[in-house]
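Enquirer: Next up, input-v2.json (JSON, C-alpha atoms).
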```
[["chain", "number", "residue", "atom", "x", "y", "z"],
["A", 220, "MET", "CA", -8.69, -4.76, 13.36],
["A", 221, "SER", "CA", -11.05, -4.85, 10.43],
["A", 222, "ILE", "CA", -9.69, -5.35, 6.94],
["A", 223, "TYR", "CA", -10.99, -3.19, 4.12],
["A", 224, "ILE", "CA", -10.09, -3.77, 0.50],
["A", 225, "PHE", "CA", -10.47, -0.69, -1.67],
["A", 226, "SER", "CA", -10.79, -1.93, -5.23],
["A", 227, "ARG", "CA", -11.49, -0.35, -8.57],
["A", 228, "PRO", "CA", -10.03, -0.61, -12.08],
["A", 229, "VAL", "CA", -6.47, 0.53, -12.78],
["A", 230, "ASN", "CA", -6.09, 4.31, -13.23],
["A", 231, "SER", "CA", -9.51, 5.02, -11.70],
["A", 232, "GLY", "CA", -8.25, 7.44, -9.03],
["A", 233, "LYS", "CA", -7.88, 5.10, -6.04],
["A", 234, "THR", "CA", -4.73, 6.76, -4.72],
["A", 235, "THR", "CA", -6.10, 10.27, -5.29],
["A", 236, "GLU", "CA", -9.27, 9.38, -3.37],
["A", 237, "LEU", "CA", -7.16, 7.80, -0.61],
["A", 238, "LEU", "CA", -5.09, 10.96, -0.28],
["A", 239, "GLN", "CA", -8.21, 13.10, 0.14],
["A", 240, "TRP", "CA", -9.87, 10.61, 2.51],
["A", 241, "SER", "CA", -6.75, 10.13, 4.64],
["A", 242, "SER", "CA", -6.43, 13.88, 5.30],
["A", 243, "LYS", "CA", -9.69, 13.66, 7.28],
["A", 244, "GLN", "CA", -8.66, 10.67, 9.43],
["A", 245, "GLN", "CA", -7.13, 10.61, 12.90],
["A", 246, "ASN", "CA", -4.29, 8.29, 13.95],
["A", 247, "ILE", "CA", -3.57, 7.17, 10.37],
["A", 248, "TYR", "CA", -0.35, 5.53, 9.24],
["A", 249, "GLY", "CA", 0.89, 3.73, 6.17],
["A", 250, "ILE", "CA", 1.91, 4.57, 2.66],
["A", 251, "LEU", "CA", 0.42, 5.72, -0.60],
["A", 252, "MET", "CA", 2.04, 5.40, -4.03],
["A", 253, "PRO", "CA", 0.90, 8.52, -5.90],
["A", 254, "ASP", "CA", 1.98, 9.44, -9.38],
["A", 255, "ILE", "CA", 3.49, 12.93, -9.10],
["A", 256, "ASN", "CA", 4.66, 14.65, -12.26],
["A", 257, "GLY", "CA", 4.64, 11.35, -14.14],
["A", 258, "SER", "CA", 6.68, 9.38, -11.59],
["A", 259, "ARG", "CA", 5.64, 7.06, -8.76],
["A", 260, "LYS", "CA", 6.46, 8.15, -5.23],
["A", 261, "ILE", "CA", 6.04, 6.77, -1.73],
["A", 262, "PHE", "CA", 4.03, 9.07, 0.54],
["A", 263, "ASP", "CA", 4.27, 8.42, 4.28],
["A", 264, "LEU", "CA", 0.78, 9.20, 5.62],
["A", 265, "HIS", "CA", 2.03, 9.99, 9.12],
["A", 266, "THR", "CA", 5.09, 12.15, 8.46],
["A", 267, "LYS", "CA", 3.85, 13.45, 5.05],
["A", 268, "LYS", "CA", 7.33, 12.77, 3.59],
["A", 269, "ILE", "CA", 7.63, 11.81, -0.07],
["A", 270, "PHE", "CA", 10.26, 9.45, -1.48],
["A", 271, "ASP", "CA", 11.14, 8.71, -5.10],
["A", 272, "ILE", "CA", 10.56, 5.04, -5.86],
["A", 273, "GLU", "CA", 10.36, 4.94, -9.64],
["A", 274, "CYS", "CA", 13.64, 4.86, -11.50],
["A", 275, "ASN", "CA", 13.15, 6.94, -14.64],
["A", 276, "GLY", "CA", 16.71, 7.45, -15.79],
["A", 277, "ALA", "CA", 20.17, 5.98, -15.86],
["A", 278, "VAL", "CA", 20.73, 3.50, -13.06],
["A", 279, "ASN", "CA", 23.81, 3.10, -10.94],
["A", 280, "GLU", "CA", 24.82, -0.54, -11.48],
["A", 281, "ASP", "CA", 25.18, -0.96, -7.71],
["A", 282, "GLU", "CA", 21.62, 0.25, -7.05],
["A", 283, "PRO", "CA", 19.23, -2.72, -6.72],
["A", 284, "ILE", "CA", 16.18, -2.29, -8.95],
["A", 285, "THR", "CA", 12.85, -4.15, -8.92],
["A", 286, "VAL", "CA", 11.22, -4.40, -12.35],
["A", 287, "VAL", "CA", 7.47, -4.80, -12.83],
["A", 288, "GLY", "CA", 6.36, -4.77, -16.44],
["A", 289, "ARG", "CA", 7.59, -1.51, -17.95],
["A", 290, "PHE", "CA", 8.34, 0.04, -14.54],
["A", 291, "SER", "CA", 11.60, 0.04, -12.61],
["A", 292, "PHE", "CA", 11.57, 0.77, -8.88],
["A", 293, "TYR", "CA", 14.32, 1.31, -6.34],
["A", 294, "THR", "CA", 14.38, -1.81, -4.17],
["A", 295, "ALA", "CA", 15.75, 0.19, -1.21],
["A", 296, "VAL", "CA", 12.69, 2.44, -1.25],
["A", 297, "PHE", "CA", 10.40, -0.60, -1.04],
["A", 298, "GLU", "CA", 12.47, -1.61, 1.99],
["A", 299, "LYS", "CA", 11.92, 1.89, 3.43],
["A", 300, "ALA", "CA", 8.16, 1.63, 2.78],
["A", 301, "ASN", "CA", 8.06, -1.75, 4.53],
["A", 302, "GLN", "CA", 9.91, -0.22, 7.49],
["A", 303, "ILE", "CA", 7.41, 2.68, 7.64],
["A", 304, "ILE", "CA", 4.57, 0.16, 7.86],
["A", 305, "SER", "CA", 6.41, -2.02, 10.38],
["A", 306, "ASP", "CA", 7.00, 1.04, 12.59],
["A", 307, "ALA", "CA", 3.35, 2.03, 12.18],
["A", 308, "LEU", "CA", 2.17, -1.29, 13.60],
["A", 309, "LYS", "CA", 3.95, -0.41, 16.85],
["A", 310, "GLN", "CA", 1.77, 2.71, 17.13],
["A", 311, "ASN", "CA", -1.54, 0.80, 17.18],
["A", 312, "PRO", "CA", -2.99, 2.98, 14.44],
["A", 313, "HIS", "CA", -6.70, 3.49, 14.01],
["A", 314, "TRP", "CA", -6.03, 3.21, 10.26],
["A", 315, "LEU", "CA", -3.15, 1.49, 8.52],
["A", 316, "VAL", "CA", -3.14, 2.03, 4.76],
["A", 317, "ILE", "CA", -1.16, -0.01, 2.23],
["A", 318, "ASP", "CA", -1.37, 1.23, -1.34],
["A", 319, "GLU", "CA", -1.26, -1.31, -3.01],
["A", 320, "ALA", "CA", -1.27, -5.11, -3.21],
["A", 321, "GLY", "CA", -0.53, -6.11, -6.80],
["A", 322, "LYS", "CA", 1.50, -8.35, -9.05],
["A", 323, "LEU", "CA", 4.74, -7.62, -7.22],
["A", 324, "GLU", "CA", 3.26, -8.58, -3.85],
["A", 325, "ILE", "CA", 1.76, -11.78, -5.27],
["A", 326, "ASP", "CA", 5.33, -12.58, -6.33],
["A", 327, "GLY", "CA", 6.50, -12.12, -2.71],
["A", 328, "LYS", "CA", 8.20, -8.76, -3.39],
["A", 329, "GLY", "CA", 7.46, -5.08, -2.93],
["A", 330, "LEU", "CA", 5.07, -4.54, -0.01],
["A", 331, "TYR", "CA", 4.53, -8.27, 0.53],
["A", 332, "PRO", "CA", 6.17, -8.30, 4.01],
["A", 333, "SER", "CA", 4.00, -5.38, 5.12],
["A", 334, "ILE", "CA", 0.78, -7.03, 4.00],
["A", 335, "ILE", "CA", 1.67, -10.33, 5.70],
["A", 336, "ASN", "CA", 2.61, -8.53, 8.95],
["A", 337, "ALA", "CA", -0.43, -6.25, 8.91],
["A", 338, "VAL", "CA", -2.85, -9.12, 8.31],
["A", 339, "ALA", "CA", -1.24, -11.12, 11.14],
["A", 340, "PHE", "CA", -1.28, -8.06, 13.40],
["A", 341, "ASN", "CA", -4.96, -7.47, 12.68],
["A", 342, "LYS", "CA", -6.07, -10.71, 14.33],
["A", 343, "ASN", "CA", -5.55, -9.49, 17.90],
["A", 344, "ASN", "CA", -5.50, -5.72, 17.70],
["A", 345, "PRO", "CA", -7.95, -2.85, 17.35],
["A", 346, "GLY", "CA", -7.91, -0.53, 14.40],
["A", 347, "ASN", "CA", -8.39, -0.99, 10.67],
["A", 348, "LEU", "CA", -6.28, -2.13, 7.76],
["A", 349, "LEU", "CA", -7.08, -0.67, 4.34],
["A", 350, "VAL", "CA", -5.37, -2.20, 1.30],
["A", 351, "THR", "CA", -5.87, -1.05, -2.27],
["A", 352, "VAL", "CA", -6.12, -3.67, -4.99],
["A", 353, "ARG", "CA", -6.81, -3.13, -8.65],
["A", 354, "GLU", "CA", -10.06, -4.79, -9.67],
["A", 355, "SER", "CA", -8.42, -7.21, -12.12],
["A", 356, "LEU", "CA", -6.25, -8.70, -9.32],
["A", 357, "LEU", "CA", -8.83, -8.75, -6.51],
["A", 358, "ALA", "CA", -9.61, -12.49, -6.50],
["A", 359, "GLU", "CA", -5.94, -13.39, -6.86],
["A", 360, "VAL", "CA", -4.83, -11.10, -4.00],
["A", 361, "VAL", "CA", -7.61, -12.31, -1.68],
["A", 362, "ALA", "CA", -6.67, -15.95, -2.36],
["A", 363, "TYR", "CA", -2.90, -15.39, -2.18],
["A", 364, "PHE", "CA", -3.04, -13.60, 1.18],
["A", 365, "ASN", "CA", -5.76, -15.96, 2.45],
["A", 366, "LEU", "CA", -8.06, -13.09, 3.38],
["A", 367, "LYS", "CA", -11.20, -14.62, 4.86],
["A", 368, "GLU", "CA", -12.92, -11.70, 6.54],
["A", 369, "TYR", "CA", -12.74, -8.36, 4.80],
["A", 370, "LYS", "CA", -15.03, -5.60, 3.64],
["A", 371, "LEU", "CA", -14.86, -4.72, -0.04],
["A", 372, "VAL", "CA", -15.37, -1.04, -0.85],
["A", 373, "HIS", "CA", -15.34, 0.74, -4.20],
["A", 374, "GLN", "CA", -15.64, 4.24, -2.71],
["A", 375, "LEU", "CA", -14.12, 5.33, 0.57],
["A", 376, "ASP", "CA", -17.37, 7.05, 1.54],
["A", 377, "ASP", "CA", -18.74, 3.49, 1.91],
["A", 378, "ILE", "CA", -16.58, 3.00, 5.03],
["A", 379, "LEU", "CA", -18.71, 3.60, 8.09]]
```
I'd like the structure from this file rewritten - as structure tokens, please.
Expert:
Amino acid sequence: MSIYIFSRPVNSGKTTELLQWSSKQQNIYGILMPDINGSRKIFDLHTKKIFDIECNGAVNEDEPITVVGRFSFYTAVFEKANQIISDALKQNPHWLVIDEAGKLEIDGKGLYPSIINAVAFNKNNPGNLLVTVRESLLAEVVAYFNLKEYKLVHQLDDIL
């Protein structure tokens, strides 16, 4: 499995480009985190199901929440996203997409388990792993996840 890091500045359309690109791919699994109507969602690339992840209103005190800066996310939905990716690894996908590795993952939360498992899986399996990383965190993410061999792309058309 080859590792691709898709990196550009924050709010530069990475997820939008991924959504368009992924619709043209075969045997693709993973998750995107699009902003739909002003709220973050989890989009399962294989089933096309969408899940609310961003908590925008009153919170049930029993509902675990993960806070990143000014954002609050449902912890259970991160667990669901990690399960989607774990299940995808069993399918030997041609493409596995994880959108995105950021501050939360560097803190060992969010999609951290999925990134660790996908990188480990990549060593002995065919297919490709594509992880989005905002430009300002690129060096930190590469170092944190000990990524030695990867291809950096700034446009998905650069993937051959």
Enquirer: For a test of reading the model, state the distance in Å between atom CA of A:Ser242 and atom CA of A:Pro228, rounded to one decimal.
Expert: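 Those two atoms sit 22.9 Å apart.
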Enquirer: Would you give the centre and edge lengths, in Å to one decimal, of a box along x, y and z around the listed atoms of stretch 359-377 of chain A, with 6 Å added to each side, as lines of an AutoDock Vina configuration file?
Expert:
```
center_x = -10.8
center_y = -4.5
center_z = -0.2
size_x = 27.8
size_y = 35.0
size_z = 25.4
```
Enquirer: Please, what distance in Å, to one decimal, runs between atom CA of A:Glu354 and atom CA of A:Phe225?
Expert: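 These atoms are spaced 9.0 Å apart.
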Enquirer: Would you pick out the contacts of stretch 367-372 of chain A at 6 Å or less, using all atoms listed in the file, so that residues sharing its chain but fewer than 2 positions from it are not included, and give the list as an NGL selection string?
Expert: :A and (222-225 or 374)
Enquirer: List every residue of stretch 225-311 of chain A that has an atom at most 8 Å from any atom of stretch 326-329 of chain A, and for each one report the closest atom pair and its distance in Å to one decimal, counting all atoms listed in the file, with rows sorted by chain and then by increasing residue number, as a Markdown table.
Expert:
```
| residue | atom | partner | partner_atom | distance |
| --- | --- | --- | --- | --- |
| A:Thr294 | CA | A:Gly329 | CA | 7.8 |
| A:Phe297 | CA | A:Gly329 | CA | 5.7 |
| A:Glu298 | CA | A:Gly329 | CA | 7.8 |
```
Enquirer: How would the residues just chosen look if you wrote them out with C-alpha atoms as a PDB file, keeping the file's coordinate frame?
Expert:
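And here is the file that came out, result.pdb:
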```pdb
ATOM      1  CA  THR A 294      14.380  -1.810  -4.170  1.00  0.00           C
ATOM      2  CA  PHE A 297      10.400  -0.600  -1.040  1.00  0.00           C
ATOM      3  CA  GLU A 298      12.470  -1.610   1.990  1.00  0.00           C
TER       4      GLU A 298
END
```
Enquirer: Which residue gives the smallest distance to A:Val287 among A:Ile325, A:Val361, A:Leu264, A:Val316, with all atoms listed in the file counted?
Expert: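 Of A:Ile325, A:Val361, A:Leu264, A:Val316, the one nearest A:Val287 is A:Ile325, counting all atoms listed in the file.
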Enquirer: Of the candidates A:Val360, A:Lys309, A:His265, A:Glu324, which shows the shortest atom-to-atom distance to A:Gln244, using only C-alpha atoms?
Expert: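 The closest residue to A:Gln244 is A:His265.
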Enquirer: Using Å and a single decimal, report how far atom CA of A:Ser221 sits from atom CA of A:Ile247.
Expert: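 For atom CA of A:Ile247 relative to atom CA of A:Ser221, the distance reads 14.2 Å.
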Enquirer: Using all atoms listed in the file, can you tell me which of A:Phe364, A:Tyr331, A:Phe270, A:Trp240 comes closest to A:Ile304?
Expert: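 For A:Ile304, the nearest of the candidates is A:Tyr331.
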Enquirer: Quick one: of A:Leu308, A:Lys322, A:Asp377, A:Thr351, who's nearest to A:Ala337, counting only C-alpha atoms?
Expert: A:Leu308
Enquirer: Give me the residues near stretch 273-275 of chain A as a PDB file with C-alpha atoms, keeping the file's coordinate frame, where near means some atom within 7 Å (using all atoms listed in the file) and where sequence neighbours in that chain fewer than 3 positions away do not count.
Expert:
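Contents of the output file result05.pdb:
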```
ATOM      1  CA  SER A 258       6.680   9.380 -11.590  1.00  0.00           C
ATOM      2  CA  ARG A 259       5.640   7.060  -8.760  1.00  0.00           C
ATOM      3  CA  LYS A 260       6.460   8.150  -5.230  1.00  0.00           C
ATOM      4  CA  SER A 291      11.600   0.040 -12.610  1.00  0.00           C
ATOM      5  CA  PHE A 292      11.570   0.770  -8.880  1.00  0.00           C
ATOM      6  CA  TYR A 293      14.320   1.310  -6.340  1.00  0.00           C
TER       7      TYR A 293
END
```
Enquirer: Excluding same-chain residues fewer than 4 positions from A:Leu251, what lies within 6 Å of it counting only C-alpha atoms, as a PyMOL selection string?
Expert: chain A and resi 261-262+318
Enquirer: Since the input is missing atoms, can you rebuild N, CA and C atoms for stretch 221-236 of chain A and write them as a PDB file, in the coordinates of the input?
Expert:
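Result file is result.pdb:
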```
ATOM      1  N   SER A 221     -10.277  -4.461  11.603  1.00  0.00           N
ATOM      2  CA  SER A 221     -11.050  -4.850  10.430  1.00  0.00           C
ATOM      3  C   SER A 221     -10.199  -4.634   9.190  1.00  0.00           C
ATOM      4  N   ILE A 222     -10.403  -5.486   8.208  1.00  0.00           N
ATOM      5  CA  ILE A 222      -9.690  -5.350   6.940  1.00  0.00           C
ATOM      6  C   ILE A 222     -10.663  -4.822   5.897  1.00  0.00           C
ATOM      7  N   TYR A 223     -10.241  -3.749   5.231  1.00  0.00           N
ATOM      8  CA  TYR A 223     -10.990  -3.190   4.120  1.00  0.00           C
ATOM      9  C   TYR A 223     -10.133  -3.319   2.873  1.00  0.00           C
ATOM     10  N   ILE A 224     -10.757  -3.755   1.794  1.00  0.00           N
ATOM     11  CA  ILE A 224     -10.090  -3.770   0.500  1.00  0.00           C
ATOM     12  C   ILE A 224     -10.780  -2.724  -0.366  1.00  0.00           C
ATOM     13  N   PHE A 225      -9.992  -1.766  -0.806  1.00  0.00           N
ATOM     14  CA  PHE A 225     -10.470  -0.690  -1.670  1.00  0.00           C
ATOM     15  C   PHE A 225     -10.078  -1.065  -3.085  1.00  0.00           C
ATOM     16  N   SER A 226     -11.076  -1.394  -3.902  1.00  0.00           N
ATOM     17  CA  SER A 226     -10.790  -1.930  -5.230  1.00  0.00           C
ATOM     18  C   SER A 226     -11.607  -1.246  -6.313  1.00  0.00           C
ATOM     19  N   ARG A 227     -10.899  -0.902  -7.351  1.00  0.00           N
ATOM     20  CA  ARG A 227     -11.490  -0.350  -8.570  1.00  0.00           C
ATOM     21  C   ARG A 227     -10.523  -0.672  -9.710  1.00  0.00           C
ATOM     22  N   PRO A 228     -10.937  -0.367 -10.945  1.00  0.00           N
ATOM     23  CA  PRO A 228     -10.030  -0.610 -12.080  1.00  0.00           C
ATOM     24  C   PRO A 228      -8.743   0.224 -11.987  1.00  0.00           C
ATOM     25  N   VAL A 229      -7.735  -0.205 -12.704  1.00  0.00           N
ATOM     26  CA  VAL A 229      -6.470   0.530 -12.780  1.00  0.00           C
ATOM     27  C   VAL A 229      -6.732   1.931 -13.333  1.00  0.00           C
ATOM     28  N   ASN A 230      -5.992   2.903 -12.810  1.00  0.00           N
ATOM     29  CA  ASN A 230      -6.090   4.310 -13.230  1.00  0.00           C
ATOM     30  C   ASN A 230      -7.483   4.903 -13.041  1.00  0.00           C
ATOM     31  N   SER A 231      -8.170   4.488 -11.969  1.00  0.00           N
ATOM     32  CA  SER A 231      -9.510   5.020 -11.700  1.00  0.00           C
ATOM     33  C   SER A 231      -9.515   6.025 -10.552  1.00  0.00           C
ATOM     34  N   GLY A 232      -8.322   6.417 -10.067  1.00  0.00           N
ATOM     35  CA  GLY A 232      -8.250   7.440  -9.030  1.00  0.00           C
ATOM     36  C   GLY A 232      -8.248   6.925  -7.602  1.00  0.00           C
ATOM     37  N   LYS A 233      -7.883   5.664  -7.404  1.00  0.00           N
ATOM     38  CA  LYS A 233      -7.880   5.100  -6.040  1.00  0.00           C
ATOM     39  C   LYS A 233      -6.935   5.868  -5.111  1.00  0.00           C
ATOM     40  N   THR A 234      -5.711   6.091  -5.563  1.00  0.00           N
ATOM     41  CA  THR A 234      -4.730   6.760  -4.720  1.00  0.00           C
ATOM     42  C   THR A 234      -5.118   8.210  -4.464  1.00  0.00           C
ATOM     43  N   THR A 235      -5.639   8.878  -5.457  1.00  0.00           N
ATOM     44  CA  THR A 235      -6.100  10.270  -5.290  1.00  0.00           C
ATOM     45  C   THR A 235      -7.213  10.328  -4.258  1.00  0.00           C
ATOM     46  N   GLU A 236      -8.176   9.414  -4.349  1.00  0.00           N
ATOM     47  CA  GLU A 236      -9.270   9.380  -3.370  1.00  0.00           C
ATOM     48  C   GLU A 236      -8.729   9.058  -1.977  1.00  0.00           C
TER      49      GLU A 236
END
```
